[in-house]
Amino acid sequence: MGISPEAQQFAQFLESVRAKSSTPGLDLAVVRDIVETHHLASTEPEGVTYAEVDASGVPALWCIPEGAGTDKALLHFHFGGSVTASMHSDRKAAGHIAKAAGVRSLVVDFRLAPEHPYPAQLDDAETAYRWLLSQGYEPRNIGSTGHSIGGTLAVMLALRLLAKGEATPGAIVSISPWTDLTITNPTVDKNSEHDKMLSRNTLELFRGAWLQDPAVDFTDPAISIVNADLTGLPPTSVHYGEYETLAGEGAEFGRRLADFEVTSEVHPLPEGQHSFILAAGRVPEVDQAIQQMGQWLRRHLGA
């Protein structure tokens, strides 16, 4: 049947941004400025307002849909491989998800590598989660969401809390997650021509910036969540684009969730791009996927 013209335009948009950001000799600050323009692929979600807050020292941004309840919240983590992007580049996409779920979403502006390598991003995620608890939100009423490295952090946060014997968020939506830091899944190369955002080279650059400790083994379950013990993970919905380099990792992580009998769903988006939620409001297939995410969160938060 093929994808919509809007989805084709989104792929072209991603390709144009990648071409600009991969110009040889660019300063990292310039690359980050170019990556911020990804937000242009989304429309402004109607009826959503924004408020910047300090979450115990971590900058964050509330996306507040009209009529949203005050007893539930999402904790959202942006894309960018830990090196680029921000709460601002994710604001609109996160707003669309918040609106679909009928709850407010706190977009976390975690520290970036290489200035702040692992585990700074996960530390910031935990700090923001504890800030939500201090604001009166119960763990079961918090949804952990994100895409790309943010989709990884959404799961890592719950795994860290489980390891400490603490209550996890009530549900997870992990979109286009990077689950295997060995970069050996076959789709990394198989989808190299289809994925208009990521490549093996980009993944290797991100990994080198993020994981600077030479003692870190890329197969470590703390890093590669596809190898983690997922026992006790809250209901988890995984979404990925079939055309992305990380498609195989999304599928494999979905199988692992089933192996550990985690309540889960896996949604591959036909011919979908990496971090496809950036096209929220413009691409019908993306909007349909966001509605699925919203339904999942409505069903499982506070359940």
# chains A, B, ... in the order shown; residues from 1 in each chain; ligands from 1
$ select_by_dssp --residues "region 24-211 of chain A" --states "helix (DSSP H, G or I)" --output "ChimeraX atom specification"
/A:28-41,87-101,120-134,139-141,149-163,187-190,200-210
$ residues_around --residues "Gly241 (chain A)" --least-positions-apart "2" --cutoff "6 Å" --atoms "only C-alpha atoms" --output "PyMOL selection string"
chain A and resi 243-244+268-269+272-274
$ select_by_dssp --residues "region 16-210 of chain A" --states "strand (DSSP E)" --output "MDAnalysis selection string"
chainID A and resid 48:55 58:65 69:77 103:108 142:147 171:175
$ closest_residue --among "A:Gln8, A:Thr37, A:Ser105, A:Ser192" --to "Ala51 (chain A)" --atoms "only C-alpha atoms"
A:Ser105
$ closest_residue --among "A:Ala100, A:Tyr137, A:Pro114, A:Glu249" --to "Gln291 (chain A)" --atoms "only C-alpha atoms"
A:Ala100
$ residues_around --residues "Leu205 (chain A)" --least-positions-apart "3" --cutoff "12 Å" --atoms "only C-alpha atoms" --output "compact mmCIF listing (two decimals) with all heavy atoms, in the first residue's frame"
# COMPACT_ATOMS: atom_id res chain seq x y z
N SER A 22 25.97 16.87 9.10
CA SER A 22 27.15 16.02 8.88
C SER A 22 28.19 16.68 7.97
O SER A 22 29.11 16.01 7.50
CB SER A 22 26.72 14.66 8.30
OG SER A 22 26.00 14.83 7.10
N LEU A 28 30.73 21.20 17.31
CA LEU A 28 29.62 20.49 17.96
C LEU A 28 28.48 21.44 18.30
O LEU A 28 27.30 21.08 18.17
CB LEU A 28 30.11 19.78 19.23
CG LEU A 28 29.05 19.02 20.04
CD1 LEU A 28 28.32 17.98 19.19
CD2 LEU A 28 29.68 18.35 21.27
N GLY A 80 18.63 12.15 20.53
CA GLY A 80 19.91 12.82 20.31
C GLY A 80 21.14 12.06 20.73
O GLY A 80 22.23 12.62 20.76
N GLY A 81 20.99 10.76 21.04
CA GLY A 81 22.16 9.94 21.32
C GLY A 81 22.96 10.35 22.53
O GLY A 81 24.12 9.97 22.68
N SER A 82 22.38 11.18 23.40
CA SER A 82 23.00 11.75 24.60
C SER A 82 23.88 12.96 24.27
O SER A 82 24.38 13.63 25.18
CB SER A 82 23.83 10.73 25.40
OG SER A 82 25.13 10.57 24.85
N VAL A 83 24.04 13.26 22.97
CA VAL A 83 25.00 14.28 22.54
C VAL A 83 24.30 15.55 22.06
O VAL A 83 24.83 16.66 22.20
CB VAL A 83 25.91 13.72 21.41
CG1 VAL A 83 26.87 14.78 20.88
CG2 VAL A 83 26.68 12.50 21.92
N THR A 84 23.12 15.41 21.45
CA THR A 84 22.41 16.55 20.88
C THR A 84 20.96 16.55 21.37
O THR A 84 20.54 15.68 22.10
CB THR A 84 22.40 16.48 19.34
OG1 THR A 84 21.67 15.31 18.92
CG2 THR A 84 23.81 16.42 18.78
N ALA A 113 26.45 14.52 26.64
CA ALA A 113 27.82 14.07 26.41
C ALA A 113 28.37 14.81 25.19
O ALA A 113 27.59 15.32 24.39
CB ALA A 113 27.82 12.56 26.17
N PRO A 114 29.67 14.92 25.01
CA PRO A 114 30.73 14.30 25.81
C PRO A 114 31.08 15.06 27.09
O PRO A 114 31.83 14.55 27.92
CB PRO A 114 31.92 14.30 24.85
CG PRO A 114 31.71 15.52 24.00
CD PRO A 114 30.21 15.60 23.81
N LEU A 181 24.24 -1.64 22.67
CA LEU A 181 25.35 -0.72 22.41
C LEU A 181 26.53 -1.38 21.71
O LEU A 181 27.53 -0.71 21.42
CB LEU A 181 25.79 -0.05 23.72
CG LEU A 181 25.05 1.23 24.13
CD1 LEU A 181 25.40 2.38 23.21
CD2 LEU A 181 23.56 1.05 24.21
N ILE A 183 26.23 -2.40 18.74
CA ILE A 183 25.96 -1.98 17.35
C ILE A 183 26.20 -3.14 16.38
O ILE A 183 26.82 -2.99 15.33
CB ILE A 183 26.79 -0.74 16.95
CG1 ILE A 183 26.80 0.31 18.08
CG2 ILE A 183 26.24 -0.09 15.69
CD1 ILE A 183 27.60 1.58 17.75
N LEU A 198 19.79 8.16 11.25
CA LEU A 198 20.92 7.49 11.89
C LEU A 198 21.73 6.65 10.90
O LEU A 198 21.22 6.21 9.87
CB LEU A 198 20.42 6.56 13.00
CG LEU A 198 19.91 7.20 14.29
CD1 LEU A 198 19.56 6.10 15.29
CD2 LEU A 198 20.95 8.14 14.90
N SER A 199 22.99 6.43 11.25
CA SER A 199 23.87 5.53 10.50
C SER A 199 24.79 4.85 11.50
O SER A 199 24.88 5.25 12.67
CB SER A 199 24.71 6.32 9.49
OG SER A 199 25.59 7.20 10.17
N ARG A 200 25.49 3.81 11.04
CA ARG A 200 26.47 3.15 11.91
C ARG A 200 27.49 4.17 12.42
O ARG A 200 27.84 4.17 13.61
CB ARG A 200 27.17 2.02 11.15
CG ARG A 200 28.35 1.42 11.90
CD ARG A 200 29.00 0.29 11.15
NE ARG A 200 28.13 -0.88 11.13
CZ ARG A 200 28.01 -1.74 12.16
NH1 ARG A 200 28.68 -1.53 13.28
NH2 ARG A 200 27.22 -2.78 12.06
N ASN A 201 27.97 5.03 11.55
CA ASN A 201 28.97 6.02 11.93
C ASN A 201 28.45 6.94 13.04
O ASN A 201 29.15 7.23 14.03
CB ASN A 201 29.38 6.84 10.71
CG ASN A 201 30.48 7.83 11.03
OD1 ASN A 201 31.51 7.49 11.59
ND2 ASN A 201 30.26 9.09 10.66
N THR A 202 27.18 7.39 12.89
CA THR A 202 26.59 8.27 13.91
C THR A 202 26.48 7.54 15.24
O THR A 202 26.79 8.11 16.31
CB THR A 202 25.19 8.74 13.47
OG1 THR A 202 25.27 9.31 12.16
CG2 THR A 202 24.64 9.79 14.41
N GLY A 208 30.84 6.63 21.57
CA GLY A 208 32.14 7.09 22.06
C GLY A 208 32.02 8.29 22.98
O GLY A 208 32.77 8.43 23.96
N ALA A 209 31.07 9.18 22.67
CA ALA A 209 30.86 10.36 23.51
C ALA A 209 30.19 10.01 24.82
O ALA A 209 30.50 10.59 25.87
CB ALA A 209 30.01 11.38 22.74
N TRP A 210 29.27 9.06 24.78
CA TRP A 210 28.44 8.72 25.95
C TRP A 210 29.17 7.81 26.93
O TRP A 210 29.15 8.05 28.14
CB TRP A 210 27.15 8.06 25.47
CG TRP A 210 26.09 7.93 26.52
CD1 TRP A 210 25.77 8.84 27.48
CD2 TRP A 210 25.18 6.84 26.70
NE1 TRP A 210 24.72 8.39 28.26
CE2 TRP A 210 24.34 7.15 27.78
CE3 TRP A 210 24.99 5.63 26.03
CZ2 TRP A 210 23.33 6.30 28.23
CZ3 TRP A 210 23.97 4.79 26.46
CH2 TRP A 210 23.15 5.13 27.55
N LEU A 211 29.82 6.77 26.40
CA LEU A 211 30.44 5.75 27.26
C LEU A 211 31.95 5.93 27.24
O LEU A 211 32.66 5.29 26.47
CB LEU A 211 30.05 4.35 26.78
CG LEU A 211 28.55 4.08 26.68
CD1 LEU A 211 28.29 2.69 26.10
CD2 LEU A 211 27.88 4.23 28.04
N GLN A 212 32.45 6.81 28.09
CA GLN A 212 33.87 7.17 28.06
C GLN A 212 34.74 6.33 28.98
O GLN A 212 35.96 6.39 28.90
CB GLN A 212 34.02 8.66 28.39
CG GLN A 212 33.41 9.58 27.35
CD GLN A 212 33.53 11.05 27.71
OE1 GLN A 212 34.47 11.46 28.39
NE2 GLN A 212 32.57 11.85 27.28
$ residues_around --residues "Arg91 (chain A)" --least-positions-apart "2" --cutoff "12 Å" --atoms "only C-alpha atoms" --output "ChimeraX atom specification"
/A:36-45,48-52,60-64,76-79,85-89,93-98,104-109,146,277-278,280
$ decode --residues "region 6-46 of chain A" --atoms "N, CA and C atoms" --output "PDB file, in the first residue's frame"
ATOM      1  N   GLU A   6       2.857  12.530   3.240  1.00  0.00           N
ATOM      2  CA  GLU A   6       3.397  13.273   4.393  1.00  0.00           C
ATOM      3  C   GLU A   6       4.573  12.524   5.028  1.00  0.00           C
ATOM      4  N   ALA A   7       4.469  11.180   5.074  1.00  0.00           N
ATOM      5  CA  ALA A   7       5.566  10.371   5.620  1.00  0.00           C
ATOM      6  C   ALA A   7       6.793  10.458   4.722  1.00  0.00           C
ATOM      7  N   GLN A   8       6.565  10.499   3.407  1.00  0.00           N
ATOM      8  CA  GLN A   8       7.684  10.647   2.468  1.00  0.00           C
ATOM      9  C   GLN A   8       8.356  12.017   2.648  1.00  0.00           C
ATOM     10  N   GLN A   9       7.546  13.043   2.858  1.00  0.00           N
ATOM     11  CA  GLN A   9       8.097  14.386   3.079  1.00  0.00           C
ATOM     12  C   GLN A   9       8.904  14.445   4.371  1.00  0.00           C
ATOM     13  N   PHE A  10       8.432  13.738   5.391  1.00  0.00           N
ATOM     14  CA  PHE A  10       9.168  13.701   6.664  1.00  0.00           C
ATOM     15  C   PHE A  10      10.534  13.050   6.471  1.00  0.00           C
ATOM     16  N   ALA A  11      10.576  11.944   5.712  1.00  0.00           N
ATOM     17  CA  ALA A  11      11.856  11.278   5.445  1.00  0.00           C
ATOM     18  C   ALA A  11      12.810  12.228   4.722  1.00  0.00           C
ATOM     19  N   GLN A  12      12.280  13.004   3.773  1.00  0.00           N
ATOM     20  CA  GLN A  12      13.111  13.971   3.053  1.00  0.00           C
ATOM     21  C   GLN A  12      13.611  15.071   3.990  1.00  0.00           C
ATOM     22  N   PHE A  13      12.755  15.488   4.910  1.00  0.00           N
ATOM     23  CA  PHE A  13      13.146  16.497   5.901  1.00  0.00           C
ATOM     24  C   PHE A  13      14.310  15.985   6.757  1.00  0.00           C
ATOM     25  N   LEU A  14      14.184  14.737   7.249  1.00  0.00           N
ATOM     26  CA  LEU A  14      15.252  14.156   8.067  1.00  0.00           C
ATOM     27  C   LEU A  14      16.559  14.087   7.283  1.00  0.00           C
ATOM     28  N   GLU A  15      16.452  13.722   6.015  1.00  0.00           N
ATOM     29  CA  GLU A  15      17.648  13.612   5.173  1.00  0.00           C
ATOM     30  C   GLU A  15      18.322  14.974   5.010  1.00  0.00           C
ATOM     31  N   SER A  16      17.526  16.026   4.865  1.00  0.00           N
ATOM     32  CA  SER A  16      18.095  17.365   4.694  1.00  0.00           C
ATOM     33  C   SER A  16      18.787  17.842   5.974  1.00  0.00           C
ATOM     34  N   VAL A  17      18.182  17.535   7.129  1.00  0.00           N
ATOM     35  CA  VAL A  17      18.807  17.931   8.396  1.00  0.00           C
ATOM     36  C   VAL A  17      20.108  17.159   8.605  1.00  0.00           C
ATOM     37  N   ARG A  18      20.081  15.858   8.257  1.00  0.00           N
ATOM     38  CA  ARG A  18      21.304  15.057   8.414  1.00  0.00           C
ATOM     39  C   ARG A  18      22.417  15.587   7.512  1.00  0.00           C
ATOM     40  N   ALA A  19      22.071  15.980   6.282  1.00  0.00           N
ATOM     41  CA  ALA A  19      23.074  16.506   5.350  1.00  0.00           C
ATOM     42  C   ALA A  19      23.734  17.762   5.919  1.00  0.00           C
ATOM     43  N   LYS A  20      22.917  18.626   6.527  1.00  0.00           N
ATOM     44  CA  LYS A  20      23.466  19.863   7.112  1.00  0.00           C
ATOM     45  C   LYS A  20      24.361  19.553   8.309  1.00  0.00           C
ATOM     46  N   SER A  21      23.885  18.665   9.168  1.00  0.00           N
ATOM     47  CA  SER A  21      24.613  18.411  10.425  1.00  0.00           C
ATOM     48  C   SER A  21      25.862  17.568  10.234  1.00  0.00           C
ATOM     49  N   SER A  22      25.973  16.872   9.098  1.00  0.00           N
ATOM     50  CA  SER A  22      27.147  16.022   8.879  1.00  0.00           C
ATOM     51  C   SER A  22      28.186  16.676   7.970  1.00  0.00           C
ATOM     52  N   THR A  23      28.034  17.968   7.733  1.00  0.00           N
ATOM     53  CA  THR A  23      29.050  18.698   6.960  1.00  0.00           C
ATOM     54  C   THR A  23      30.390  18.604   7.689  1.00  0.00           C
ATOM     55  N   PRO A  24      31.456  18.180   6.992  1.00  0.00           N
ATOM     56  CA  PRO A  24      32.753  18.000   7.658  1.00  0.00           C
ATOM     57  C   PRO A  24      33.256  19.290   8.309  1.00  0.00           C
ATOM     58  N   GLY A  25      33.855  19.145   9.494  1.00  0.00           N
ATOM     59  CA  GLY A  25      34.492  20.274  10.162  1.00  0.00           C
ATOM     60  C   GLY A  25      33.577  21.130  11.013  1.00  0.00           C
ATOM     61  N   LEU A  26      32.295  20.754  11.128  1.00  0.00           N
ATOM     62  CA  LEU A  26      31.379  21.560  11.932  1.00  0.00           C
ATOM     63  C   LEU A  26      31.688  21.428  13.418  1.00  0.00           C
ATOM     64  N   ASP A  27      31.626  22.535  14.108  1.00  0.00           N
ATOM     65  CA  ASP A  27      31.756  22.551  15.563  1.00  0.00           C
ATOM     66  C   ASP A  27      30.537  21.872  16.184  1.00  0.00           C
ATOM     67  N   LEU A  28      30.735  21.198  17.308  1.00  0.00           N
ATOM     68  CA  LEU A  28      29.625  20.488  17.961  1.00  0.00           C
ATOM     69  C   LEU A  28      28.475  21.437  18.299  1.00  0.00           C
ATOM     70  N   ALA A  29      28.793  22.660  18.695  1.00  0.00           N
ATOM     71  CA  ALA A  29      27.747  23.642  19.027  1.00  0.00           C
ATOM     72  C   ALA A  29      26.871  23.933  17.806  1.00  0.00           C
ATOM     73  N   VAL A  30      27.479  23.978  16.628  1.00  0.00           N
ATOM     74  CA  VAL A  30      26.729  24.221  15.393  1.00  0.00           C
ATOM     75  C   VAL A  30      25.864  23.010  15.063  1.00  0.00           C
ATOM     76  N   VAL A  31      26.433  21.813  15.214  1.00  0.00           N
ATOM     77  CA  VAL A  31      25.664  20.577  14.978  1.00  0.00           C
ATOM     78  C   VAL A  31      24.434  20.541  15.892  1.00  0.00           C
ATOM     79  N   ARG A  32      24.628  20.916  17.155  1.00  0.00           N
ATOM     80  CA  ARG A  32      23.504  20.929  18.097  1.00  0.00           C
ATOM     81  C   ARG A  32      22.433  21.925  17.664  1.00  0.00           C
ATOM     82  N   ASP A  33      22.848  23.079  17.165  1.00  0.00           N
ATOM     83  CA  ASP A  33      21.881  24.072  16.682  1.00  0.00           C
ATOM     84  C   ASP A  33      21.064  23.513  15.515  1.00  0.00           C
ATOM     85  N   ILE A  34      21.734  22.791  14.617  1.00  0.00           N
ATOM     86  CA  ILE A  34      21.039  22.211  13.456  1.00  0.00           C
ATOM     87  C   ILE A  34      20.056  21.137  13.909  1.00  0.00           C
ATOM     88  N   VAL A  35      20.476  20.286  14.846  1.00  0.00           N
ATOM     89  CA  VAL A  35      19.606  19.216  15.334  1.00  0.00           C
ATOM     90  C   VAL A  35      18.354  19.779  15.995  1.00  0.00           C
ATOM     91  N   GLU A  36      18.475  20.939  16.634  1.00  0.00           N
ATOM     92  CA  GLU A  36      17.302  21.563  17.264  1.00  0.00           C
ATOM     93  C   GLU A  36      16.179  21.827  16.250  1.00  0.00           C
ATOM     94  N   THR A  37      16.536  21.975  14.982  1.00  0.00           N
ATOM     95  CA  THR A  37      15.507  22.283  13.972  1.00  0.00           C
ATOM     96  C   THR A  37      14.588  21.091  13.691  1.00  0.00           C
ATOM     97  N   HIS A  38      14.876  19.926  14.240  1.00  0.00           N
ATOM     98  CA  HIS A  38      13.965  18.781  14.068  1.00  0.00           C
ATOM     99  C   HIS A  38      12.548  19.097  14.552  1.00  0.00           C
ATOM    100  N   HIS A  39      12.434  20.025  15.501  1.00  0.00           N
ATOM    101  CA  HIS A  39      11.107  20.346  16.037  1.00  0.00           C
ATOM    102  C   HIS A  39      10.190  20.912  14.954  1.00  0.00           C
ATOM    103  N   LEU A  40      10.766  21.399  13.863  1.00  0.00           N
ATOM    104  CA  LEU A  40       9.962  21.978  12.783  1.00  0.00           C
ATOM    105  C   LEU A  40       9.101  20.924  12.085  1.00  0.00           C
ATOM    106  N   ALA A  41       9.443  19.648  12.256  1.00  0.00           N
ATOM    107  CA  ALA A  41       8.656  18.586  11.618  1.00  0.00           C
ATOM    108  C   ALA A  41       7.316  18.387  12.308  1.00  0.00           C
ATOM    109  N   SER A  42       7.175  18.841  13.558  1.00  0.00           N
ATOM    110  CA  SER A  42       5.925  18.683  14.307  1.00  0.00           C
ATOM    111  C   SER A  42       5.069  19.937  14.187  1.00  0.00           C
ATOM    112  N   THR A  43       3.766  19.760  14.320  1.00  0.00           N
ATOM    113  CA  THR A  43       2.886  20.922  14.468  1.00  0.00           C
ATOM    114  C   THR A  43       2.772  21.258  15.943  1.00  0.00           C
ATOM    115  N   GLU A  44       2.355  22.466  16.235  1.00  0.00           N
ATOM    116  CA  GLU A  44       2.029  22.820  17.613  1.00  0.00           C
ATOM    117  C   GLU A  44       0.754  22.068  18.006  1.00  0.00           C
ATOM    118  N   PRO A  45       0.788  21.293  19.086  1.00  0.00           N
ATOM    119  CA  PRO A  45      -0.436  20.615  19.517  1.00  0.00           C
ATOM    120  C   PRO A  45      -1.441  21.629  20.062  1.00  0.00           C
ATOM    121  N   GLU A  46      -2.641  21.606  19.532  1.00  0.00           N
ATOM    122  CA  GLU A  46      -3.655  22.571  19.973  1.00  0.00           C
ATOM    123  C   GLU A  46      -4.047  22.303  21.422  1.00  0.00           C
TER     124      GLU A  46
END
